[in-house]
$ cat structure_21.cif   # mmCIF, C-alpha atoms and all ligand atoms
data_input
loop_
_atom_site.label_atom_id
_atom_site.label_comp_id
_atom_site.auth_asym_id
_atom_site.auth_seq_id
_atom_site.Cartn_x
_atom_site.Cartn_y
_atom_site.Cartn_z
CA MET R 1394 -49.02 162.29 99.02
CA ALA R 1395 -52.60 162.82 97.87
CA GLU R 1396 -54.95 160.15 99.17
CA GLU R 1397 -56.61 157.91 96.64
CA LYS R 1398 -60.29 158.64 96.04
CA GLY R 1399 -62.12 155.93 94.12
CA GLU R 1400 -65.01 156.06 91.72
CA ARG R 1401 -67.45 154.07 93.80
CA SER R 1402 -70.42 155.40 95.70
CA ILE R 1403 -72.20 153.81 98.64
CA LEU R 1404 -75.30 154.60 100.67
CA ILE R 1405 -75.75 153.35 104.23
CA THR R 1406 -79.01 153.65 106.17
CA GLY R 1407 -78.97 154.16 109.94
CA ALA R 1408 -75.59 155.85 109.52
CA ASN R 1409 -75.71 158.11 112.57
CA ARG R 1410 -74.67 155.54 115.20
CA GLY R 1411 -73.65 151.94 115.80
CA LEU R 1412 -72.54 149.81 112.87
CA GLY R 1413 -73.82 152.25 110.24
CA PHE R 1414 -71.73 155.12 111.60
CA GLU R 1415 -68.67 152.87 111.96
CA MET R 1416 -69.05 151.81 108.34
CA VAL R 1417 -69.08 155.44 107.19
CA ARG R 1418 -66.04 156.15 109.39
CA GLN R 1419 -63.97 153.23 108.09
CA LEU R 1420 -64.86 154.00 104.48
CA VAL R 1421 -63.76 157.63 104.66
CA GLU R 1422 -60.73 157.01 106.86
CA GLY R 1423 -59.51 153.98 104.88
CA PRO R 1424 -56.94 154.01 102.07
CA CYS R 1425 -59.45 153.52 99.20
CA LYS R 1426 -62.03 156.18 99.81
CA PRO R 1427 -65.22 156.01 97.78
CA ARG R 1428 -66.13 159.02 95.66
CA ASN R 1429 -69.39 159.45 97.58
CA VAL R 1430 -70.56 158.08 100.90
CA PHE R 1431 -74.23 158.85 101.46
CA ALA R 1432 -74.87 158.66 105.20
CA ALA R 1433 -78.62 158.26 105.51
CA CYS R 1434 -80.29 158.82 108.87
CA ARG R 1435 -83.70 159.86 110.06
CA ASN R 1436 -82.60 162.74 112.25
CA PRO R 1437 -79.37 164.31 110.97
CA ASP R 1438 -79.74 167.32 113.31
CA GLY R 1439 -80.39 165.27 116.46
CA ALA R 1440 -78.06 164.54 119.38
CA GLN R 1441 -77.57 160.95 118.14
CA ALA R 1442 -75.95 162.26 114.94
CA GLU R 1443 -73.31 164.47 116.53
CA GLU R 1444 -70.39 162.13 115.77
CA LEU R 1445 -71.55 161.91 112.17
CA ARG R 1446 -71.75 165.70 111.87
CA ASN R 1447 -68.18 165.95 113.23
CA LEU R 1448 -66.99 163.36 110.70
CA VAL R 1449 -68.64 165.29 107.86
CA LYS R 1450 -66.63 168.37 108.88
CA LYS R 1451 -63.44 166.33 108.25
CA TYR R 1452 -64.62 164.78 104.97
CA PRO R 1453 -67.11 167.23 103.42
CA ASP R 1454 -66.15 166.24 99.86
CA ILE R 1455 -66.96 162.58 100.41
CA ILE R 1456 -69.82 162.34 102.92
CA THR R 1457 -73.29 163.60 102.11
CA VAL R 1458 -75.79 163.26 104.92
CA VAL R 1459 -79.29 162.51 103.68
CA ARG R 1460 -82.45 162.49 105.77
CA LEU R 1461 -84.07 159.09 105.38
CA ASP R 1462 -86.63 157.41 107.61
CA ALA R 1463 -86.87 153.81 106.43
CA THR R 1464 -90.54 153.64 107.49
CA ASP R 1465 -91.54 156.72 105.49
CA PRO R 1466 -91.76 156.22 101.70
CA SER R 1467 -91.92 159.97 101.03
CA SER R 1468 -88.65 160.54 102.92
CA ILE R 1469 -87.08 157.74 100.86
CA GLN R 1470 -88.21 159.48 97.65
CA GLU R 1471 -86.88 162.84 98.85
CA SER R 1472 -83.52 161.33 99.83
CA ALA R 1473 -83.29 159.59 96.45
CA LYS R 1474 -83.65 163.00 94.74
CA VAL R 1475 -80.81 164.44 96.85
CA VAL R 1476 -78.59 161.43 96.08
CA GLY R 1477 -79.46 161.65 92.36
CA SER R 1478 -78.45 165.31 92.19
CA LYS R 1479 -75.11 164.50 93.83
CA LEU R 1480 -74.43 161.46 91.62
CA LYS R 1481 -74.87 163.61 88.47
CA GLY R 1482 -75.67 160.69 86.19
CA ARG R 1483 -73.22 158.27 87.79
CA GLY R 1484 -74.69 155.21 89.46
CA LEU R 1485 -74.87 154.09 93.05
CA ASN R 1486 -72.66 151.04 93.50
CA VAL R 1487 -73.67 149.82 96.94
CA LEU R 1488 -76.78 150.22 99.03
CA VAL R 1489 -76.42 148.98 102.61
CA ASN R 1490 -79.75 148.45 104.36
CA ASN R 1491 -78.39 148.72 107.88
CA ALA R 1492 -81.15 150.59 109.79
CA GLY R 1493 -83.01 148.26 112.09
CA VAL R 1494 -85.03 148.07 115.30
CA MET R 1495 -85.08 145.37 117.93
CA ALA R 1496 -87.49 144.76 120.82
CA ALA R 1497 -86.49 142.00 123.24
CA GLY R 1498 -89.04 139.53 124.55
CA ASN R 1499 -90.86 136.29 123.78
CA MET R 1500 -94.27 135.84 122.17
CA GLU R 1501 -96.21 136.79 125.27
CA ASP R 1502 -94.19 139.97 125.72
CA THR R 1503 -94.75 140.99 122.11
CA THR R 1504 -97.48 143.45 121.17
CA ASP R 1505 -98.99 144.13 117.76
CA ASP R 1506 -97.12 147.43 117.81
CA ASN R 1507 -93.77 145.64 118.34
CA MET R 1508 -94.56 143.40 115.40
CA LEU R 1509 -95.67 146.28 113.14
CA SER R 1510 -92.63 148.36 114.04
CA ALA R 1511 -90.25 145.43 113.35
CA PHE R 1512 -91.85 144.71 109.98
CA SER R 1513 -92.13 148.32 108.99
CA THR R 1514 -88.43 149.07 109.71
CA ASN R 1515 -86.71 145.74 109.11
CA VAL R 1516 -88.66 144.43 106.09
CA MET R 1517 -90.74 147.10 104.36
CA GLY R 1518 -88.03 149.69 105.01
CA PRO R 1519 -85.33 147.81 103.08
CA MET R 1520 -87.84 146.96 100.33
CA ASN R 1521 -88.83 150.60 99.82
CA VAL R 1522 -85.23 151.79 100.07
CA ILE R 1523 -84.20 149.30 97.37
CA LYS R 1524 -87.08 150.45 95.16
CA GLY R 1525 -86.23 154.11 95.75
CA PHE R 1526 -82.56 153.73 94.80
CA LEU R 1527 -82.96 151.07 92.13
CA PRO R 1528 -82.59 153.47 89.18
CA TYR R 1529 -79.13 154.49 90.46
CA LEU R 1530 -78.10 150.88 91.14
CA ARG R 1531 -79.17 150.01 87.59
CA THR R 1532 -77.13 152.91 86.21
CA ALA R 1533 -74.08 151.64 88.12
CA ALA R 1534 -74.57 148.07 86.88
CA LYS R 1535 -75.02 149.24 83.25
CA SER R 1536 -72.03 151.54 83.26
CA CYS R 1537 -69.64 148.85 84.52
CA ASP R 1538 -68.08 146.72 81.81
CA LYS R 1539 -66.76 144.03 84.19
CA PRO R 1540 -68.56 140.68 83.89
CA GLY R 1541 -70.28 139.05 86.87
CA MET R 1542 -71.53 140.65 90.06
CA SER R 1543 -69.70 142.56 92.77
CA CYS R 1544 -69.82 145.48 95.17
CA CYS R 1545 -67.58 147.37 92.71
CA LYS R 1546 -70.39 147.08 90.19
CA ALA R 1547 -73.79 147.23 91.91
CA ALA R 1548 -75.00 145.56 95.10
CA VAL R 1549 -77.63 145.58 97.81
CA ILE R 1550 -76.33 144.49 101.21
CA ASN R 1551 -78.99 143.75 103.81
CA ILE R 1552 -77.71 143.71 107.38
CA SER R 1553 -79.49 140.74 108.89
CA THR R 1554 -78.74 138.61 111.95
CA ALA R 1555 -78.26 135.01 113.00
CA LEU R 1556 -81.38 135.63 115.14
CA GLY R 1557 -83.28 135.61 111.83
CA SER R 1558 -81.89 132.19 110.89
CA MET R 1559 -84.48 129.43 111.37
CA SER R 1560 -81.81 126.76 111.83
CA SER R 1561 -79.79 128.82 114.37
CA ILE R 1562 -82.67 130.15 116.46
CA PRO R 1563 -83.18 126.98 118.61
CA GLN R 1564 -79.66 127.55 120.06
CA LEU R 1565 -80.02 131.35 120.32
CA TYR R 1566 -83.60 131.98 121.44
CA SER R 1567 -83.14 131.10 125.13
CA ILE R 1568 -80.08 133.39 125.33
CA PHE R 1569 -81.62 136.21 123.30
CA PRO R 1570 -85.40 136.04 122.87
CA ALA R 1571 -86.42 138.78 120.45
CA PHE R 1572 -89.62 137.42 118.92
CA SER R 1573 -90.63 140.29 116.60
CA TYR R 1574 -87.01 140.98 115.63
CA SER R 1575 -86.21 137.36 114.69
CA ILE R 1576 -89.40 136.99 112.66
CA SER R 1577 -88.84 140.29 110.84
CA LYS R 1578 -85.19 139.46 110.07
CA ALA R 1579 -86.26 136.07 108.69
CA GLY R 1580 -88.52 138.19 106.46
CA LEU R 1581 -85.52 140.32 105.49
CA ASN R 1582 -83.67 137.14 104.57
CA MET R 1583 -86.49 136.11 102.26
CA LEU R 1584 -86.59 139.65 100.85
CA THR R 1585 -82.88 139.26 100.05
CA VAL R 1586 -83.45 136.02 98.16
CA CYS R 1587 -86.48 137.35 96.25
CA CYS R 1588 -84.62 140.57 95.35
CA SER R 1589 -81.62 138.54 94.20
CA LEU R 1590 -83.93 136.79 91.73
CA ASP R 1591 -85.70 139.99 90.64
CA LEU R 1592 -82.48 141.94 90.11
CA LYS R 1593 -80.32 139.17 88.64
CA GLU R 1594 -81.04 140.31 85.08
CA ASP R 1595 -79.83 143.78 86.01
CA GLY R 1596 -76.54 142.37 87.32
CA ILE R 1597 -77.25 143.72 90.82
CA LEU R 1598 -75.97 141.50 93.62
CA CYS R 1599 -78.16 141.02 96.73
CA THR R 1600 -76.65 139.49 99.84
CA ALA R 1601 -77.59 139.34 103.53
CA LEU R 1602 -74.78 139.78 106.07
CA HIS R 1603 -74.72 139.00 109.79
CA PRO R 1604 -72.39 141.42 111.64
CA GLY R 1605 -71.80 139.18 114.67
CA TRP R 1606 -72.86 140.15 118.19
CA VAL R 1607 -71.65 143.70 118.56
CA ARG R 1608 -71.58 146.27 121.40
CA THR R 1609 -74.04 148.87 120.12
CA ASP R 1610 -77.40 150.07 121.45
CA THR R 1611 -78.99 147.09 119.70
CA GLY R 1612 -76.33 144.53 120.67
CA GLY R 1613 -76.11 145.71 124.28
CA PRO R 1614 -73.12 146.03 126.65
CA GLN R 1615 -72.49 142.27 127.03
CA ALA R 1616 -71.79 141.78 123.34
CA PRO R 1617 -68.27 140.43 122.84
CA MET R 1618 -67.25 142.51 119.82
CA GLU R 1619 -66.57 146.19 119.10
CA ALA R 1620 -68.23 147.79 116.07
CA LYS R 1621 -64.73 148.39 114.64
CA GLN R 1622 -63.95 144.67 114.32
CA SER R 1623 -67.36 143.78 112.94
CA VAL R 1624 -67.26 146.50 110.28
CA GLU R 1625 -63.68 145.65 109.28
CA GLY R 1626 -64.97 142.14 108.65
CA LEU R 1627 -68.12 143.26 106.84
CA LEU R 1628 -66.17 145.56 104.50
CA LYS R 1629 -63.65 142.81 103.74
CA VAL R 1630 -66.43 140.33 103.01
CA MET R 1631 -68.20 142.86 100.78
CA GLN R 1632 -65.04 143.14 98.67
CA THR R 1633 -65.04 139.38 98.07
CA LEU R 1634 -68.70 138.95 97.06
CA THR R 1635 -69.43 137.59 93.60
CA GLU R 1636 -72.46 136.18 91.77
CA LYS R 1637 -71.91 132.98 93.82
CA ASN R 1638 -73.11 134.97 96.84
CA ASN R 1639 -76.19 136.35 95.10
CA GLY R 1640 -79.14 135.53 97.38
CA GLY R 1641 -76.71 134.28 100.04
CA PHE R 1642 -76.28 134.86 103.78
CA LEU R 1643 -72.77 135.29 105.19
CA ASP R 1644 -71.36 136.51 108.48
CA TYR R 1645 -68.70 139.18 109.02
CA THR R 1646 -65.93 136.55 108.68
CA GLY R 1647 -67.23 135.34 105.31
CA LYS R 1648 -68.72 132.12 106.70
CA THR R 1649 -72.10 131.05 105.31
CA VAL R 1650 -74.93 131.41 107.82
CA PRO R 1651 -77.52 128.65 107.48
CA TRP R 1652 -81.05 129.86 106.71
P1 LIG R 1701 -77.95 150.65 116.75
O1 LIG R 1701 -79.09 150.52 117.71
O2 LIG R 1701 -76.67 151.19 117.23
O3 LIG R 1701 -78.38 151.48 115.46
C1 LIG R 1701 -79.59 151.30 114.82
C2 LIG R 1701 -79.65 152.29 113.69
O4 LIG R 1701 -80.86 152.10 112.95
C3 LIG R 1701 -79.67 153.75 114.17
O5 LIG R 1701 -78.90 154.54 113.32
C4 LIG R 1701 -81.13 154.12 114.07
O6 LIG R 1701 -81.37 155.49 113.91
C5 LIG R 1701 -81.46 153.37 112.78
N1 LIG R 1701 -82.89 153.29 112.57
C6 LIG R 1701 -83.83 152.65 113.29
N2 LIG R 1701 -85.05 152.86 112.76
C7 LIG R 1701 -84.86 153.63 111.66
C8 LIG R 1701 -85.71 154.17 110.68
N3 LIG R 1701 -87.04 153.99 110.72
N4 LIG R 1701 -85.18 154.90 109.69
C9 LIG R 1701 -83.85 155.11 109.63
N5 LIG R 1701 -82.99 154.65 110.54
C10 LIG R 1701 -83.50 153.91 111.54
O7 LIG R 1701 -77.81 149.18 116.19
P2 LIG R 1701 -76.66 148.44 115.34
O8 LIG R 1701 -75.72 149.40 114.76
O9 LIG R 1701 -76.16 147.33 116.18
O10 LIG R 1701 -77.58 147.79 114.22
C11 LIG R 1701 -77.36 147.98 112.84
C12 LIG R 1701 -77.93 146.77 112.12
O11 LIG R 1701 -77.21 145.61 112.52
C13 LIG R 1701 -79.40 146.50 112.44
O12 LIG R 1701 -80.08 146.14 111.27
C14 LIG R 1701 -79.32 145.33 113.41
O13 LIG R 1701 -80.47 144.52 113.36
C15 LIG R 1701 -78.10 144.59 112.87
N6 LIG R 1701 -77.49 143.67 113.81
C16 LIG R 1701 -76.86 144.13 114.94
C17 LIG R 1701 -76.28 143.22 115.81
C18 LIG R 1701 -75.57 143.65 117.04
O14 LIG R 1701 -75.14 142.77 117.82
N7 LIG R 1701 -75.37 144.93 117.29
C19 LIG R 1701 -76.32 141.77 115.57
C20 LIG R 1701 -76.99 141.41 114.34
C21 LIG R 1701 -77.53 142.34 113.52
P3 LIG R 1701 -81.86 156.46 115.15
O15 LIG R 1701 -80.62 156.90 115.84
O16 LIG R 1701 -82.59 157.55 114.46
O17 LIG R 1701 -82.72 155.62 116.03
#
$ encode --input "structure_21.cif" --output "structure tokens" --more "lines below"
Ligand code: NDP
Amino acid sequence: MAEEKGERSILITGANRGLGFEMVRQLVEGPCKPRNVFAACRNPDGAQAEELRNLVKKYPDIITVVRLDATDPSSIQESAKVVGSKLKGRGLNVLVNNAGVMAAGNMEDTTDDNMLSAFSTNVMGPMNVIKGFLPYLRTAAKSCDKPGMSCCKAAVINISTALGSMSSIPQLYSIFPAFSYSISKAGLNMLTVCCSLDLKEDGILCTALHPGWVRTDTGGPQAPMEAKQSVEGLLKVMQTLTEKNNGGFLDYTGKTVPW
């Protein structure tokens, strides 16, 4: 039986490893495959993208790898051109800002460079990626006749963390001090809320999601969860999002994370 291939398209940044790669994998190996999965990463030819290259060999009609460095506006513009030529007038339904960097340490351990790197990747990166792909998100929102907001229509999903939650950090900081990371992800949370207000008129949903503590290079080997479980949850939650979640912050189980 031919497998179902849907009409939706999705772009994921940081798609070469960790949660981003797992998201690409589950999307293309699942029963409702999107039409296009744009796997954006900054070094598609590097050793860290080998698994992604192997996956592309299995699903060349669905996955397009695009070179995108979230800290480099010109690479975002170039990748947007590649995506535009592949979309051929159709919109981009979902943009997942997943790429992120984390440096562990408290205030005294943190250098200006740590702070600049965290802000450049975790805050300005998502902002510039949203701006770069906004025309395609708008096309998707306009061409969908369903009322309300959803990931089937047009959505920006920002992968945040409970470490960026001001009300959760007093319990988490002693276990996991990541000064620059927490501050930058709190910035990403505010970016999500501001974008949700800016893009409301366009019908584009903006939501921040916390993936849980996951065994990746960022999460480390002690993390209790595999990327598979986290991404299964994230994809399920994404399917349920509506305008009620616009400007909201949920975890991979669908529970609201306090700001
Ligand atoms: P990984 O360390 O496995 O992956 C990080 C990804 O981000 C890599 O693909 C990396 O690419 C990419 N990246 C970093 N900087 C850039 C950049 N400038 N441009 C493009 N890509 C970049 O981490 P995770 O998969 O765990 O993290 C994914 C997201 O989930 C992050 O936003 C993280 O903050 C968040 N998160 C993770 C948690 C966890 O426990 N794992 C918990 C809460 C949130 P490259 O290979 O080129 O370095």
$ closest_residue --input "structure_21.cif" --among "R:Asn1515, R:Thr1600, R:Asn1486, R:Asn1507" --to "R:Ala1579" --atoms "only C-alpha atoms"
R:Asn1515
$ axis_aligned_box --input "structure_21.cif" --around "ligand LIG 1701 (chain R)" --padding-each-side "4 Å" --output "lines of an AutoDock Vina configuration file"
center_x = -81.1
center_y = 149.5
center_z = 113.7
size_x = 19.9
size_y = 24.1
size_z = 16.2
$ closest_residue --input "structure_21.cif" --among "R:Lys1629, R:Lys1451, R:His1603, R:Lys1474" --to "ligand LIG 1701 (chain R)" --atoms "all atoms listed in the file"
R:His1603
$ residues_near_ligand --input "structure_21.cif" --ligand "ligand LIG 1701 (chain R)" --cutoff "8 Å" --atoms "only C-alpha atoms and all ligand atoms" --output "PDB file with C-alpha atoms, in the coordinates of the input"
ATOM      1  CA  THR R1406     -79.010 153.650 106.170  1.00  0.00           C
ATOM      2  CA  GLY R1407     -78.970 154.160 109.940  1.00  0.00           C
ATOM      3  CA  ALA R1408     -75.590 155.850 109.520  1.00  0.00           C
ATOM      4  CA  ASN R1409     -75.710 158.110 112.570  1.00  0.00           C
ATOM      5  CA  ARG R1410     -74.670 155.540 115.200  1.00  0.00           C
ATOM      6  CA  GLY R1411     -73.650 151.940 115.800  1.00  0.00           C
ATOM      7  CA  LEU R1412     -72.540 149.810 112.870  1.00  0.00           C
ATOM      8  CA  GLY R1413     -73.820 152.250 110.240  1.00  0.00           C
ATOM      9  CA  PHE R1414     -71.730 155.120 111.600  1.00  0.00           C
ATOM     10  CA  ALA R1433     -78.620 158.260 105.510  1.00  0.00           C
ATOM     11  CA  CYS R1434     -80.290 158.820 108.870  1.00  0.00           C
ATOM     12  CA  ARG R1435     -83.700 159.860 110.060  1.00  0.00           C
ATOM     13  CA  ASN R1436     -82.600 162.740 112.250  1.00  0.00           C
ATOM     14  CA  GLN R1441     -77.570 160.950 118.140  1.00  0.00           C
ATOM     15  CA  ALA R1442     -75.950 162.260 114.940  1.00  0.00           C
ATOM     16  CA  LEU R1461     -84.070 159.090 105.380  1.00  0.00           C
ATOM     17  CA  ASP R1462     -86.630 157.410 107.610  1.00  0.00           C
ATOM     18  CA  ALA R1463     -86.870 153.810 106.430  1.00  0.00           C
ATOM     19  CA  THR R1464     -90.540 153.640 107.490  1.00  0.00           C
ATOM     20  CA  ASP R1465     -91.540 156.720 105.490  1.00  0.00           C
ATOM     21  CA  ASN R1490     -79.750 148.450 104.360  1.00  0.00           C
ATOM     22  CA  ASN R1491     -78.390 148.720 107.880  1.00  0.00           C
ATOM     23  CA  ALA R1492     -81.150 150.590 109.790  1.00  0.00           C
ATOM     24  CA  GLY R1493     -83.010 148.260 112.090  1.00  0.00           C
ATOM     25  CA  VAL R1494     -85.030 148.070 115.300  1.00  0.00           C
ATOM     26  CA  MET R1495     -85.080 145.370 117.930  1.00  0.00           C
ATOM     27  CA  SER R1513     -92.130 148.320 108.990  1.00  0.00           C
ATOM     28  CA  THR R1514     -88.430 149.070 109.710  1.00  0.00           C
ATOM     29  CA  ASN R1515     -86.710 145.740 109.110  1.00  0.00           C
ATOM     30  CA  GLY R1518     -88.030 149.690 105.010  1.00  0.00           C
ATOM     31  CA  ASN R1551     -78.990 143.750 103.810  1.00  0.00           C
ATOM     32  CA  ILE R1552     -77.710 143.710 107.380  1.00  0.00           C
ATOM     33  CA  SER R1553     -79.490 140.740 108.890  1.00  0.00           C
ATOM     34  CA  THR R1554     -78.740 138.610 111.950  1.00  0.00           C
ATOM     35  CA  ALA R1555     -78.260 135.010 113.000  1.00  0.00           C
ATOM     36  CA  LEU R1556     -81.380 135.630 115.140  1.00  0.00           C
ATOM     37  CA  TYR R1574     -87.010 140.980 115.630  1.00  0.00           C
ATOM     38  CA  LYS R1578     -85.190 139.460 110.070  1.00  0.00           C
ATOM     39  CA  HIS R1603     -74.720 139.000 109.790  1.00  0.00           C
ATOM     40  CA  PRO R1604     -72.390 141.420 111.640  1.00  0.00           C
ATOM     41  CA  GLY R1605     -71.800 139.180 114.670  1.00  0.00           C
ATOM     42  CA  TRP R1606     -72.860 140.150 118.190  1.00  0.00           C
ATOM     43  CA  VAL R1607     -71.650 143.700 118.560  1.00  0.00           C
ATOM     44  CA  ARG R1608     -71.580 146.270 121.400  1.00  0.00           C
ATOM     45  CA  THR R1609     -74.040 148.870 120.120  1.00  0.00           C
ATOM     46  CA  ASP R1610     -77.400 150.070 121.450  1.00  0.00           C
ATOM     47  CA  THR R1611     -78.990 147.090 119.700  1.00  0.00           C
ATOM     48  CA  GLY R1612     -76.330 144.530 120.670  1.00  0.00           C
ATOM     49  CA  GLY R1613     -76.110 145.710 124.280  1.00  0.00           C
ATOM     50  CA  ALA R1616     -71.790 141.780 123.340  1.00  0.00           C
ATOM     51  CA  ALA R1620     -68.230 147.790 116.070  1.00  0.00           C
TER      52      ALA R1620
END
$ residues_near_point --input "structure_21.cif" --point "(-64.3, 137.6, 96.4)" --cutoff "12 Å" --atoms "only C-alpha atoms" --output "MDAnalysis selection string"
chainID R and resid 1541:1545 1628:1638 1647
$ closest_residue --input "structure_21.cif" --among "R:Glu1625, R:Glu1400, R:Asp1591, R:Glu1471" --to "R:Val1487" --atoms "all atoms listed in the file"
R:Glu1400
$ closest_residue --input "structure_21.cif" --among "R:Ala1432, R:Ile1455, R:Leu1527, R:Leu1445" --to "R:Gln1470" --atoms "all atoms listed in the file"
R:Leu1527
$ closest_residue --input "structure_21.cif" --among "R:Ala1511, R:Gly1626, R:Met1500, R:Pro1528" --to "R:Tyr1566" --atoms "all atoms listed in the file"
R:Met1500
$ closest_residue --input "structure_21.cif" --among "R:Gly1596, R:Pro1519, R:Leu1480, R:Ser1575" --to "R:Lys1539" --atoms "all atoms listed in the file"
R:Gly1596
$ residues_near_point --input "structure_21.cif" --point "(-76.5, 136.1, 96.6)" --cutoff "10 Å" --atoms "only C-alpha atoms" --output "list in words"
Met1542, Ala1548, Val1549, Ile1550, Thr1585, Val1586, Cys1588, Ser1589, Leu1590, Lys1593, Ile1597, Leu1598, Cys1599, Thr1600, Ala1601, Leu1634, Thr1635, Glu1636, Lys1637, Asn1638, Asn1639, Gly1640, Gly1641, Phe1642 and Leu1643 of chain R
$ residues_around --input "structure_21.cif" --residues "R:Gly1498" --least-positions-apart "4" --cutoff "8 Å" --atoms "only C-alpha atoms" --output "list in words"
Asp1502, Thr1503, Pro1570, Ala1571 and Phe1572 of chain R
$ atom_distance --input "structure_21.cif" --atom1 "atom CA of R:Asn1521" --atom2 "atom CA of R:Ser1472"
12.0 Å
$ atom_distance --input "structure_21.cif" --atom1 "atom CA of R:Pro1427" --atom2 "atom CA of R:Ser1402"
5.6 Å
$ residues_around --input "structure_21.cif" --residues "R:Arg1418" --least-positions-apart "2" --cutoff "10 Å" --atoms "all atoms listed in the file" --output "JSON, numbers by chain"
{"R": [1408, 1412, 1413, 1414, 1415, 1416, 1420, 1421, 1422, 1423, 1430, 1444, 1445, 1448, 1449, 1452, 1456, 1621, 1624]}
$ write_last_selection --input "structure_21.cif" --atoms "C-alpha atoms" --output "PDB file, in the coordinates of the input"
ATOM      1  CA  ALA R1408     -75.590 155.850 109.520  1.00  0.00           C
ATOM      2  CA  LEU R1412     -72.540 149.810 112.870  1.00  0.00           C
ATOM      3  CA  GLY R1413     -73.820 152.250 110.240  1.00  0.00           C
ATOM      4  CA  PHE R1414     -71.730 155.120 111.600  1.00  0.00           C
ATOM      5  CA  GLU R1415     -68.670 152.870 111.960  1.00  0.00           C
ATOM      6  CA  MET R1416     -69.050 151.810 108.340  1.00  0.00           C
ATOM      7  CA  LEU R1420     -64.860 154.000 104.480  1.00  0.00           C
ATOM      8  CA  VAL R1421     -63.760 157.630 104.660  1.00  0.00           C
ATOM      9  CA  GLU R1422     -60.730 157.010 106.860  1.00  0.00           C
ATOM     10  CA  GLY R1423     -59.510 153.980 104.880  1.00  0.00           C
ATOM     11  CA  VAL R1430     -70.560 158.080 100.900  1.00  0.00           C
ATOM     12  CA  GLU R1444     -70.390 162.130 115.770  1.00  0.00           C
ATOM     13  CA  LEU R1445     -71.550 161.910 112.170  1.00  0.00           C
ATOM     14  CA  LEU R1448     -66.990 163.360 110.700  1.00  0.00           C
ATOM     15  CA  VAL R1449     -68.640 165.290 107.860  1.00  0.00           C
ATOM     16  CA  TYR R1452     -64.620 164.780 104.970  1.00  0.00           C
ATOM     17  CA  ILE R1456     -69.820 162.340 102.920  1.00  0.00           C
ATOM     18  CA  LYS R1621     -64.730 148.390 114.640  1.00  0.00           C
ATOM     19  CA  VAL R1624     -67.260 146.500 110.280  1.00  0.00           C
TER      20      VAL R1624
END
